[in-house]
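I have placed the structure first, in the form of structure tokens, so that the comments after it can refer back to it.
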Amino acid sequence: MSASKTEVVTRFAPSPTGFLHIGGARTALFNLLFARHHGGRFLLRIEDTDRARSTQPAIDAILSGLRWLGLDWDGDAVFQFERAARHAEVAHAMVESGHAYRCWMTADEIAAQRDAAKAAKQPLRVRSAWRDRADGDLGQPHVVRLRAPQDGATTIDDQVQGAVTVQNAELDDLVLLRSDGTPTYMLAVVVDDHDMGVTHVIRGDDHLNNAFRQLPIYRANAWPEPAYAHIPLIHGSDGAKLSKRHGAVGIETYRDELGILPEALDNYLLRLGWGHGDSEIIAREQAIAWFDLAHVGKSASRFDLKKLENLNGHYIREASDQRLADIVAEQLEFDHDDTRRATLLAAMPVLKPRAANINELRDGAAFLFATRPLVMDDAAAALLGGDARDVLTAVQAALDAVHNWDTEATEGAVRHVAEARGVKLGQVAQPLRAALTGRKTSPGIFDVLALLGRDESLGRLADATISQEG
């Protein structure tokens, strides 16, 4: 599993206890971009050692979310739980070398130290008498602890945070193996990163303290130490910790419920905490060419859903009509309806400039497939009051005389009605839009007429005038 010394290797290592969230997706993106920028490898490890909380649906959601975002990892995903024997092997070797020790502290002894620390208003630092003893009964339950350095200080030259120093007296002898022989997270992470050849650990800054606890494990085994880069977390638009009300939901929610395109979310996440001059629209290829750790900010980023939607609107306008039509057709369950799919495709050039997300595309296309007589929303119904019947009757007669049905011919007919009545075009177009779409807003009215076609347009106008007569 190891890599060459000169190859850059990064990893994304989620715990499958929930969905792939925004922060995790950004971490994966930064790891992928850094590896690709340096011609290296980007690996995936599923940290499923918490058997009580790790679930297959969560694993599936993580893998699906990464693939949808185009965050393709190299090789097969590594599952941490399957490597438990290797983790234990390292711990036992550390005992033999004197860098770890067996500890028979009781729960009461640990509780007493916790109470003393609480009374002194200090964090708990477990101090075990077994650090300097070797007379324990191997037949009795015990753990294996790291023999952490107690003197001096440890400095990490973090590639985002800069030089960070912690006094070694602040570190405790963390547990490597539990009393049932299973490895802890701290041990498993280090062993896996080493065995996978990881050269750069890029992760959230909530893991910065873990780096100081994990480095002694590297040093005890004389393993190469990775370069660390701890990225500030993402906050809500109000500066508070990111929560569901800010957008801290699974990636699948952005895809399935909010109608966001993957390239838009990628671009937005890239700009959350990293920048390249004033560039806002950055495609994947350009991101790989530009990405570095030097331009990752040190302060928390603020997630803004409106900015994401604005960016998404750009990518919708840039997307191919065929791709968008296929996405909307799937949502509308037009799986085997080639006629409706063709209608959607024809409508995309006039629908997508108005849409900020896939949902708006879908809703904007709904009038094309509405059954007659149309159900009017309240705003449309209001446009059909007053003298609307006279207007629509005049428009119906004018359009009935049009046989070369295109936007130029229909516009000429409708404009003629407006001029004959001495009113602005909008005063004719608004009730006409309501009659044809059942809504107050739609694509340009002459595009609507072209998309619906002559027979359907005249049929809907007839329905509206009959309804007005009633």
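Letters A, B, ... go to the chains of the structure tokens in the order shown; residues in each chain start at 1; ligands are counted from 1 in the same order.
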For range 258-351 of chain A against range 429-445 of chain A, with a cut-off of 10 Å and counting only C-alpha atoms, what is the closest atom pair and its distance in Å to one decimal for every residue that makes the cut, ordered by chain and number, as JSON lines?
{"residue": "A:Ala347", "atom": "CA", "partner": "A:Pro443", "partner_atom": "CA", "distance": 9.4}
{"residue": "A:Pro349", "atom": "CA", "partner": "A:Pro443", "partner_atom": "CA", "distance": 10.0}
{"residue": "A:Val350", "atom": "CA", "partner": "A:Pro443", "partner_atom": "CA", "distance": 6.2}
{"residue": "A:Leu351", "atom": "CA", "partner": "A:Pro443", "partner_atom": "CA", "distance": 6.4}
For the selection you just gave me, I'd like the residues written to a file as a CSV table (one decimal), in the first residue's frame, keeping N, CA and C atoms.
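Output saved as result04.csv:
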chain,number,residue,atom,x,y,z
A,347,ALA,N,-37.4,23.3,-25.5
A,347,ALA,CA,-37.7,24.5,-24.6
A,347,ALA,C,-36.5,25.0,-23.8
A,349,PRO,N,-33.5,26.3,-24.4
A,349,PRO,CA,-32.9,27.6,-24.7
A,349,PRO,C,-33.6,28.7,-24.1
A,350,VAL,N,-35.0,28.6,-23.9
A,350,VAL,CA,-35.7,29.7,-23.4
A,350,VAL,C,-36.0,29.5,-21.9
A,351,LEU,N,-35.9,28.3,-21.4
A,351,LEU,CA,-36.1,28.0,-20.0
A,351,LEU,C,-34.9,28.3,-19.1
Proximity of range 19-67 of chain A to range 195-211 of chain A: per-residue shortest pair, 12 Å limit, only C-alpha atoms, as CSV:
residue,atom,partner,partner_atom,distance
A:Ile22,CA,A:Gly204,CA,11.8
A:Gly23,CA,A:Gly204,CA,8.0
A:Gly24,CA,A:Gly204,CA,8.5
A:Ala25,CA,A:Arg203,CA,10.9
A:Arg26,CA,A:Arg203,CA,9.4
A:Thr27,CA,A:Arg203,CA,5.9
A:Ala28,CA,A:Arg203,CA,8.5
A:Leu29,CA,A:Ile202,CA,10.2
A:Phe30,CA,A:Ile202,CA,7.6
A:Asn31,CA,A:Ile202,CA,6.2
A:Leu32,CA,A:Ile202,CA,10.0
A:Leu33,CA,A:Ile202,CA,11.1
A:Phe34,CA,A:His200,CA,9.1
A:Ala35,CA,A:His200,CA,9.0
A:His38,CA,A:His200,CA,11.5
A:Gly40,CA,A:Thr199,CA,10.0
A:Arg41,CA,A:Val198,CA,9.1
A:Phe42,CA,A:Val198,CA,9.1
A:Leu43,CA,A:Met196,CA,8.3
A:Leu44,CA,A:Met196,CA,9.9
A:Arg45,CA,A:Met196,CA,9.5
Produce a table with one row for each residue of range 177-198 of chain A that has an atom at most 8 Å from any atom of range 64-86 of chain A, each row naming the nearest atom pair and its distance in Å at one decimal; use only C-alpha atoms; arrange rows by chain and rising residue number; format as CSV.
residue,atom,partner,partner_atom,distance
A:Thr182,CA,A:Ala84,CA,6.9
A:Pro183,CA,A:Ala84,CA,6.5
A:Ala188,CA,A:Gln80,CA,7.3
A:Asp192,CA,A:Gln80,CA,7.6
Write a file of the selected residues as a PDB file, in the first residue's frame, keeping N, CA, C and O atoms.
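New file result-v4.pdb:
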ATOM      1  N   THR A 182      -9.367  -4.012  20.874  1.00  0.00           N
ATOM      2  CA  THR A 182      -9.668  -3.244  19.652  1.00  0.00           C
ATOM      3  C   THR A 182      -8.897  -1.935  19.652  1.00  0.00           C
ATOM      4  O   THR A 182      -8.680  -1.324  20.707  1.00  0.00           O
ATOM      5  N   PRO A 183      -8.459  -1.480  18.472  1.00  0.00           N
ATOM      6  CA  PRO A 183      -7.680  -0.244  18.388  1.00  0.00           C
ATOM      7  C   PRO A 183      -8.557   0.990  18.531  1.00  0.00           C
ATOM      8  O   PRO A 183      -9.739   0.987  18.183  1.00  0.00           O
ATOM      9  N   ALA A 188      -5.452   3.929  14.858  1.00  0.00           N
ATOM     10  CA  ALA A 188      -5.846   3.452  13.528  1.00  0.00           C
ATOM     11  C   ALA A 188      -5.537   4.489  12.454  1.00  0.00           C
ATOM     12  O   ALA A 188      -5.054   4.150  11.369  1.00  0.00           O
ATOM     13  N   ASP A 192      -2.955   3.681   9.413  1.00  0.00           N
ATOM     14  CA  ASP A 192      -3.507   3.675   8.051  1.00  0.00           C
ATOM     15  C   ASP A 192      -2.856   4.734   7.179  1.00  0.00           C
ATOM     16  O   ASP A 192      -2.534   4.478   6.011  1.00  0.00           O
TER      17      ASP A 192
END
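Among the candidate residues A:Tyr315, A:Trp405, A:Trp130, A:Phe12, the one lying nearest to Pro262 in chain A is A:Tyr315, with distances computed using only C-alpha atoms.
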Residues within 8 Å of Met186 in chain A, please, as a compact mmCIF listing (two decimals) with N, CA and C atoms, in the first residue's frame. Count only C-alpha atoms; anything in the same chain fewer than 5 positions from it doesn't count.
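part.txt, freshly written:
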# COMPACT_ATOMS: atom_id res chain seq x y z
N LEU A 176 -4.15 3.22 23.13
CA LEU A 176 -3.95 2.71 21.78
C LEU A 176 -4.83 1.49 21.52
N ASN A 210 -5.48 16.83 17.53
CA ASN A 210 -5.19 15.42 17.32
C ASN A 210 -3.80 15.21 16.74
N ARG A 213 -1.23 14.65 19.28
CA ARG A 213 -1.36 13.36 19.94
C ARG A 213 -0.94 12.22 19.02
N GLN A 214 -1.02 12.45 17.72
CA GLN A 214 -0.69 11.41 16.75
C GLN A 214 0.79 11.40 16.38
